[in-house]
Amino acid sequence: MKRALLIAVATLALSGAPALAGGGGGSSGSSAPSSSGPSYDPVEEYQKGVEHLKAGEYSKAERAFKRVTKVAKKDANTRYMLGLAHYGQEEYKAAAKSLERAVKYDAALYQAHGKLGVSYLKIDKAEKADAVLATLRSAEATCAGACPETAKIAAAIAEIEAAKAPAEPIETSSVAPLVQQVSLETGDVLYSEALRLINLEQYDAAIAELRDAGAVLGPHPDVLTYIGFANRKKGEKETAFAYYSAALAIAPDHLSANEYLGEYYVELGDMDRAQAQLDKLNALCPFGCAQTEELAKWIAEADV
Amino acid sequence: MRLTITIAAAFAAVVACQGTDSGPVQTQPDFKALDWISDDADPVAHLTSQPATCLTAPQDPSVQRGELLFNSPLLLGGQAAKAGLSCASCHRNGRGNTEFVFSGISGAPGTADVTSGLFSKVRADRVFNPVPIPDLAAPEGRLLVDRDAEGALEAFLSAQITEEFSGAAPEGPVIQDLAAYIRALDAAMCDAHSDKAQSWQDETMRLRAGAAYLGSGRDGDLSAYQLAMRAALGRLYERYPKSEFGDLSQALVLLGRALGQPGEPAELAARIDALEQELRRGEHRSLYDAEQLSSALR
């Protein structure tokens, strides 16, 4: 069976330019040498990277996550994981750089804030670590215990505070595991739960679940699509667009990403672009699909 | 089992669509029906056989249209429709599906949580409580609702679509045809424990039932029938891969696109006639053939 993400895979068209990113692999002979290169599936590479992290193989993890970033350039989880790979190699400056990008791309990825603060301390940037701590405390105050991320914020604060006054030196090796032993099935369960929460219109909680699913699964187009969807429903349209774009960068023919992007254009009143999305879906689904029907309905209702 | 998360495999299975009348170019078979079967199930057996047909009135046009709709992935709404699930995904040939597994919905194979928030918020009970999928022809399946009480089955089906699956309320004739099909399911009409081969004739029977209805001059929204017919063509497309059946697959795509267009009923019937000839001619090379299928899935 396909697990929860079957909804996703089912939402990939019968077709599509291969969703794998990178060059053509040079095997078909149809692409120019300059465009030919290794072909990476960002999700698969991400998961390889996580396995390397779990095994303490940090340089291998670094290589895997760097491949992911070639495709999913702004995926916060990938930047976080890359930061952990550097951290594991005691490359704290590089770790801080990756983690800075992680929190830039997703300010609510609080575990990245925590590790960023600690990385700053390792390179004697105590002021920056304090700034991170202040950001976290502000988030903690705003949440007032009511956010889905409350526990993660508290953990990040505790991590930085512990690093500021270590009882005794900590060897890097004892920091392991840098990632929890979480199975891929856990990612599916998180994704499934997120969709349930979306159906119940609990968008903040859904985004938190999707963020966790993304941490396990990597920049999966389904996860990215539904983070975009939940944000759109919250009124965060720019964020939604960014996530739809990220999903489509990985899987250009992802049916739901194309549908929701079309709906986004309808909401903006950009009917030409909405129609272009519908045309694309019609081409992708010669035998019909729910995504085409749904977007067609949106366009028809907007025209009334 | 196909892990969805190993998206590489999924991407490899899907294919390039050129966005032309030639339709998608398949590089290896990708069967929707395999998306929700247990890891332990035999995919070849799952795709070549099905529970026996147990119908009291198999020739009744309304029953045949109901079967067409029952197999339509566009009848249900919400995530179920996006995933491509139809009524028949759980109730193969109107019966059960002991191999059904859908993450977040199923517990053991052959079960489903019908009050999951994954498909609908109306019936969501926040409890993961999958139950065995009933055989709709068997006594336990027939007891779910009184099929003889006037309107009871119709109301039940309408609520299933709108409340359990977040679908749009179907038009009256759609519900009537679905109800006719389900009323006709009766294990007393068959050897309920036997299997029946899957064949292209299953699909062309459904196509003919839909075509007859579209050509009958009925008023109202016929889109549910058109979409169900298009989905039937898509299932044939899965079995007659473009790499082997270029002209036939193109004909399937073109016929699918023609369904929404105005045209003479006789013309549609003639196209189905022609289609049948080609399907029959290619049958032994198609993926309805167990050996061909086994080889293709290897």
# chains A, B, ... in the order shown; residues from 1 in each chain; ligands from 1

$ residues_around --residues "B:Leu233" --least-positions-apart "3" --cutoff "12 Å" --atoms "only C-alpha atoms" --output "PyMOL selection string"
(chain A and resi 285-288) or (chain B and resi 68+71-72+200-208+210+226-230+236-240+248-259+272+275-276+279)

$ write_last_selection --atoms "N, CA and C atoms" --output "tab-separated table (two decimals), in the first residue's frame"
chain	number	residue	atom	x	y	z
A	285	CYS	N	-4.45	15.26	-16.57
A	285	CYS	CA	-5.49	14.27	-16.22
A	285	CYS	C	-6.40	14.02	-17.43
A	286	PRO	N	-5.93	13.33	-18.43
A	286	PRO	CA	-6.78	13.13	-19.61
A	286	PRO	C	-8.05	12.34	-19.28
A	287	PHE	N	-8.02	11.61	-18.20
A	287	PHE	CA	-9.20	10.82	-17.83
A	287	PHE	C	-9.90	11.39	-16.60
A	288	GLY	N	-9.59	12.63	-16.29
A	288	GLY	CA	-10.28	13.31	-15.19
A	288	GLY	C	-9.59	13.10	-13.85
B	68	LEU	N	-21.42	1.75	-12.95
B	68	LEU	CA	-20.51	2.75	-13.53
B	68	LEU	C	-20.14	3.81	-12.49
B	71	ASN	N	-17.91	2.87	-9.50
B	71	ASN	CA	-16.48	2.77	-9.80
B	71	ASN	C	-15.84	4.12	-10.11
B	72	SER	N	-16.60	5.18	-9.97
B	72	SER	CA	-16.06	6.50	-10.32
B	72	SER	C	-15.29	7.13	-9.17
B	200	TRP	N	-11.72	-6.34	-19.78
B	200	TRP	CA	-12.09	-5.08	-20.43
B	200	TRP	C	-13.59	-5.00	-20.64
B	201	GLN	N	-14.25	-6.17	-20.71
B	201	GLN	CA	-15.70	-6.15	-20.89
B	201	GLN	C	-16.40	-5.48	-19.70
B	202	ASP	N	-15.80	-5.60	-18.50
B	202	ASP	CA	-16.40	-4.91	-17.34
B	202	ASP	C	-16.52	-3.42	-17.64
B	203	GLU	N	-15.46	-2.89	-18.23
B	203	GLU	CA	-15.43	-1.44	-18.48
B	203	GLU	C	-16.32	-1.05	-19.66
B	204	THR	N	-16.32	-1.84	-20.69
B	204	THR	CA	-17.13	-1.45	-21.85
B	204	THR	C	-18.63	-1.58	-21.52
B	205	MET	N	-18.96	-2.53	-20.66
B	205	MET	CA	-20.37	-2.61	-20.23
B	205	MET	C	-20.75	-1.30	-19.54
B	206	ARG	N	-19.86	-0.84	-18.68
B	206	ARG	CA	-20.14	0.42	-17.96
B	206	ARG	C	-20.19	1.59	-18.94
B	207	LEU	N	-19.28	1.57	-19.91
B	207	LEU	CA	-19.28	2.66	-20.89
B	207	LEU	C	-20.58	2.67	-21.69
B	208	ARG	N	-21.03	1.51	-22.07
B	208	ARG	CA	-22.28	1.44	-22.85
B	208	ARG	C	-23.47	1.93	-22.02
B	210	GLY	N	-23.38	4.10	-19.64
B	210	GLY	CA	-23.29	5.56	-19.57
B	210	GLY	C	-23.66	6.21	-20.89
B	226	GLN	N	-20.47	11.38	-17.18
B	226	GLN	CA	-19.34	11.62	-18.08
B	226	GLN	C	-18.02	11.37	-17.38
B	227	LEU	N	-17.91	11.85	-16.15
B	227	LEU	CA	-16.67	11.66	-15.40
B	227	LEU	C	-16.43	10.19	-15.09
B	228	ALA	N	-17.51	9.49	-14.78
B	228	ALA	CA	-17.37	8.06	-14.48
B	228	ALA	C	-16.93	7.30	-15.73
B	229	MET	N	-17.45	7.70	-16.88
B	229	MET	CA	-17.05	7.04	-18.14
B	229	MET	C	-15.59	7.34	-18.45
B	230	ARG	N	-15.20	8.57	-18.21
B	230	ARG	CA	-13.81	8.94	-18.47
B	230	ARG	C	-12.87	8.11	-17.58
B	236	LEU	N	-8.94	1.42	-18.61
B	236	LEU	CA	-8.54	0.66	-19.81
B	236	LEU	C	-7.14	1.10	-20.26
B	237	TYR	N	-6.90	2.37	-20.13
B	237	TYR	CA	-5.60	2.93	-20.53
B	237	TYR	C	-4.47	2.31	-19.70
B	238	GLU	N	-4.78	2.03	-18.44
B	238	GLU	CA	-3.78	1.38	-17.60
B	238	GLU	C	-3.42	-0.01	-18.13
B	239	ARG	N	-4.41	-0.65	-18.71
B	239	ARG	CA	-4.23	-2.05	-19.12
B	239	ARG	C	-3.69	-2.21	-20.54
B	240	TYR	N	-3.82	-1.16	-21.32
B	240	TYR	CA	-3.33	-1.21	-22.71
B	240	TYR	C	-2.27	-0.11	-22.84
B	248	LEU	N	-4.44	2.67	-29.90
B	248	LEU	CA	-5.55	2.41	-29.00
B	248	LEU	C	-5.53	3.39	-27.82
B	249	SER	N	-4.34	3.61	-27.28
B	249	SER	CA	-4.30	4.55	-26.14
B	249	SER	C	-4.69	5.95	-26.57
B	250	GLN	N	-4.30	6.30	-27.77
B	250	GLN	CA	-4.70	7.63	-28.25
B	250	GLN	C	-6.22	7.70	-28.41
B	251	ALA	N	-6.78	6.61	-28.90
B	251	ALA	CA	-8.24	6.58	-29.07
B	251	ALA	C	-8.94	6.71	-27.72
B	252	LEU	N	-8.36	6.10	-26.70
B	252	LEU	CA	-8.96	6.20	-25.36
B	252	LEU	C	-8.93	7.64	-24.86
B	253	VAL	N	-7.80	8.30	-25.07
B	253	VAL	CA	-7.67	9.69	-24.65
B	253	VAL	C	-8.68	10.56	-25.40
B	254	LEU	N	-8.74	10.37	-26.71
B	254	LEU	CA	-9.64	11.21	-27.52
B	254	LEU	C	-11.10	10.96	-27.17
B	255	LEU	N	-11.44	9.71	-26.92
B	255	LEU	CA	-12.81	9.42	-26.54
B	255	LEU	C	-13.14	10.05	-25.19
B	256	GLY	N	-12.19	10.01	-24.29
B	256	GLY	CA	-12.40	10.64	-22.99
B	256	GLY	C	-12.66	12.13	-23.14
B	257	ARG	N	-11.91	12.76	-24.01
B	257	ARG	CA	-12.09	14.21	-24.20
B	257	ARG	C	-13.40	14.51	-24.91
B	258	ALA	N	-13.84	13.57	-25.76
B	258	ALA	CA	-15.08	13.80	-26.52
B	258	ALA	C	-16.31	13.69	-25.63
B	259	LEU	N	-16.18	13.04	-24.49
B	259	LEU	CA	-17.37	12.79	-23.67
B	259	LEU	C	-18.06	14.07	-23.20
B	272	ILE	N	-17.59	3.30	-29.26
B	272	ILE	CA	-17.40	2.22	-28.27
B	272	ILE	C	-17.32	0.87	-28.98
B	275	LEU	N	-13.96	0.64	-30.34
B	275	LEU	CA	-13.03	0.46	-29.22
B	275	LEU	C	-13.01	-1.00	-28.78
B	276	GLU	N	-14.20	-1.57	-28.70
B	276	GLU	CA	-14.30	-2.97	-28.27
B	276	GLU	C	-13.51	-3.90	-29.19
B	279	LEU	N	-9.93	-3.55	-28.32
B	279	LEU	CA	-9.64	-4.13	-27.00
B	279	LEU	C	-9.58	-5.65	-27.10

$ select_by_dssp --residues "stretch 153-242 of chain A" --states "helix (DSSP H, G or I)" --output "PyMOL selection string"
chain A and resi 153-164+172-175+184-199+203-217+221-233+237-242

$ residues_around --residues "stretch 212-217 of chain B" --least-positions-apart "2" --cutoff "10 Å" --atoms "only C-alpha atoms" --output "list in words"
Pro61, Ser62, Arg65, Arg206, Leu207, Arg208, Ala209, Gly210, Asp219, Gly220, Leu222, Ser223, Tyr225, Gln226, Leu259, Gly263, Glu264, Pro265, Ala266, Glu267, Leu268 and Ala269 of chain B

$ write_last_selection --atoms "N, CA and C atoms" --output "PDB file, in the first residue's frame"
ATOM      1  N   PRO B  61     -30.672  -1.376 -16.866  1.00  0.00           N
ATOM      2  CA  PRO B  61     -29.835  -0.209 -17.197  1.00  0.00           C
ATOM      3  C   PRO B  61     -29.476   0.635 -15.979  1.00  0.00           C
ATOM      4  N   SER B  62     -30.421   0.767 -15.053  1.00  0.00           N
ATOM      5  CA  SER B  62     -30.130   1.577 -13.864  1.00  0.00           C
ATOM      6  C   SER B  62     -29.060   0.906 -12.995  1.00  0.00           C
ATOM      7  N   ARG B  65     -25.785   1.484 -14.750  1.00  0.00           N
ATOM      8  CA  ARG B  65     -25.301   2.863 -14.532  1.00  0.00           C
ATOM      9  C   ARG B  65     -24.804   3.023 -13.100  1.00  0.00           C
ATOM     10  N   ARG B 206     -19.858  -0.837 -18.677  1.00  0.00           N
ATOM     11  CA  ARG B 206     -20.142   0.421 -17.963  1.00  0.00           C
ATOM     12  C   ARG B 206     -20.191   1.593 -18.938  1.00  0.00           C
ATOM     13  N   LEU B 207     -19.282   1.572 -19.906  1.00  0.00           N
ATOM     14  CA  LEU B 207     -19.276   2.664 -20.890  1.00  0.00           C
ATOM     15  C   LEU B 207     -20.579   2.675 -21.690  1.00  0.00           C
ATOM     16  N   ARG B 208     -21.034   1.513 -22.070  1.00  0.00           N
ATOM     17  CA  ARG B 208     -22.281   1.445 -22.847  1.00  0.00           C
ATOM     18  C   ARG B 208     -23.472   1.932 -22.018  1.00  0.00           C
ATOM     19  N   ALA B 209     -23.467   1.562 -20.761  1.00  0.00           N
ATOM     20  CA  ALA B 209     -24.564   2.008 -19.888  1.00  0.00           C
ATOM     21  C   ALA B 209     -24.573   3.532 -19.798  1.00  0.00           C
ATOM     22  N   GLY B 210     -23.383   4.098 -19.643  1.00  0.00           N
ATOM     23  CA  GLY B 210     -23.293   5.563 -19.573  1.00  0.00           C
ATOM     24  C   GLY B 210     -23.657   6.208 -20.887  1.00  0.00           C
ATOM     25  N   ASP B 219     -32.467  15.603 -19.306  1.00  0.00           N
ATOM     26  CA  ASP B 219     -32.059  16.924 -18.864  1.00  0.00           C
ATOM     27  C   ASP B 219     -31.236  16.770 -17.583  1.00  0.00           C
ATOM     28  N   GLY B 220     -30.712  17.873 -17.164  1.00  0.00           N
ATOM     29  CA  GLY B 220     -30.000  17.868 -15.880  1.00  0.00           C
ATOM     30  C   GLY B 220     -28.508  17.686 -16.061  1.00  0.00           C
ATOM     31  N   LEU B 222     -25.297  15.904 -16.281  1.00  0.00           N
ATOM     32  CA  LEU B 222     -24.857  14.554 -16.637  1.00  0.00           C
ATOM     33  C   LEU B 222     -23.378  14.349 -16.325  1.00  0.00           C
ATOM     34  N   SER B 223     -22.793  15.331 -15.688  1.00  0.00           N
ATOM     35  CA  SER B 223     -21.335  15.289 -15.533  1.00  0.00           C
ATOM     36  C   SER B 223     -20.872  14.081 -14.726  1.00  0.00           C
ATOM     37  N   TYR B 225     -21.922  11.138 -14.826  1.00  0.00           N
ATOM     38  CA  TYR B 225     -21.832   9.990 -15.736  1.00  0.00           C
ATOM     39  C   TYR B 225     -20.639  10.151 -16.683  1.00  0.00           C
ATOM     40  N   GLN B 226     -20.470  11.382 -17.179  1.00  0.00           N
ATOM     41  CA  GLN B 226     -19.343  11.623 -18.084  1.00  0.00           C
ATOM     42  C   GLN B 226     -18.018  11.370 -17.381  1.00  0.00           C
ATOM     43  N   LEU B 259     -16.180  13.042 -24.489  1.00  0.00           N
ATOM     44  CA  LEU B 259     -17.367  12.793 -23.672  1.00  0.00           C
ATOM     45  C   LEU B 259     -18.062  14.066 -23.200  1.00  0.00           C
ATOM     46  N   GLY B 263     -22.500  15.733 -29.209  1.00  0.00           N
ATOM     47  CA  GLY B 263     -22.327  14.774 -30.304  1.00  0.00           C
ATOM     48  C   GLY B 263     -23.529  13.876 -30.407  1.00  0.00           C
ATOM     49  N   GLU B 264     -23.628  13.197 -31.508  1.00  0.00           N
ATOM     50  CA  GLU B 264     -24.758  12.289 -31.723  1.00  0.00           C
ATOM     51  C   GLU B 264     -24.559  11.028 -30.877  1.00  0.00           C
ATOM     52  N   PRO B 265     -25.614  10.578 -30.210  1.00  0.00           N
ATOM     53  CA  PRO B 265     -25.504   9.348 -29.420  1.00  0.00           C
ATOM     54  C   PRO B 265     -25.003   8.166 -30.247  1.00  0.00           C
ATOM     55  N   ALA B 266     -25.455   8.104 -31.497  1.00  0.00           N
ATOM     56  CA  ALA B 266     -25.042   6.976 -32.339  1.00  0.00           C
ATOM     57  C   ALA B 266     -23.543   6.999 -32.580  1.00  0.00           C
ATOM     58  N   GLU B 267     -23.027   8.202 -32.639  1.00  0.00           N
ATOM     59  CA  GLU B 267     -21.591   8.324 -32.878  1.00  0.00           C
ATOM     60  C   GLU B 267     -20.796   7.787 -31.688  1.00  0.00           C
ATOM     61  N   LEU B 268     -21.272   8.092 -30.479  1.00  0.00           N
ATOM     62  CA  LEU B 268     -20.602   7.606 -29.278  1.00  0.00           C
ATOM     63  C   LEU B 268     -20.667   6.086 -29.217  1.00  0.00           C
ATOM     64  N   ALA B 269     -21.845   5.560 -29.514  1.00  0.00           N
ATOM     65  CA  ALA B 269     -22.004   4.099 -29.490  1.00  0.00           C
ATOM     66  C   ALA B 269     -21.078   3.447 -30.516  1.00  0.00           C
TER      67      ALA B 269
END

$ atom_distance --atom1 "atom CA of A:Lys97" --atom2 "atom CA of A:Tyr244"
25.4 Å

$ closest_residue --among "B:Gly66, B:Gly141, B:Pro29, B:Gly246" --to "chain A" --atoms "only C-alpha atoms"
B:Pro29

$ residues_around --residues "stretch 136-145 of chain A" --least-positions-apart "6" --cutoff "9 Å" --atoms "only C-alpha atoms" --output "list of chain:residue names"
A:Ala108, A:Tyr110, A:His113, A:Gly114, A:Ala151, A:Ile153, A:Ala154, A:Ala156, A:Ile157

$ residues_around --residues "A:Ala247" --least-positions-apart "3" --cutoff "9 Å" --atoms "only C-alpha atoms" --output "PyMOL selection string"
chain A and resi 72+219-225+228+242-244+250-252+254+257

$ closest_residue --among "A:Arg211, A:Lys93, A:Arg196, A:Lys234" --to "chain B" --atoms "only C-alpha atoms"
A:Arg196

$ residues_around --residues "A:Ile207" --least-positions-apart "2" --cutoff "8 Å" --atoms "only C-alpha atoms" --output "list in words"
Ala194, Tyr203, Asp204, Ala205, Glu209, Leu210, Arg211, Ile227, Ala230 and Asn231 of chain A

$ write_last_selection --atoms "C-alpha atoms" --output "short mmCIF file (atom, residue, chain, number, x, y, z; two decimals), in the first residue's frame"
data_model
loop_
_atom_site.label_atom_id
_atom_site.label_comp_id
_atom_site.auth_asym_id
_atom_site.auth_seq_id
_atom_site.Cartn_x
_atom_site.Cartn_y
_atom_site.Cartn_z
CA ALA A 194 -2.15 17.01 9.58
CA TYR A 203 -4.56 25.12 10.55
CA ASP A 204 -1.89 26.08 13.11
CA ALA A 205 -1.88 22.60 14.57
CA GLU A 209 2.31 18.44 12.26
CA LEU A 210 3.36 19.03 8.67
CA ARG A 211 6.57 20.67 9.83
CA ILE A 227 1.78 23.66 4.43
CA ALA A 230 -2.98 25.60 5.51
CA ASN A 231 -1.23 28.95 5.31
#

$ atom_distance --atom1 "atom CA of B:Trp36" --atom2 "atom CA of B:Phe156"
24.9 Å
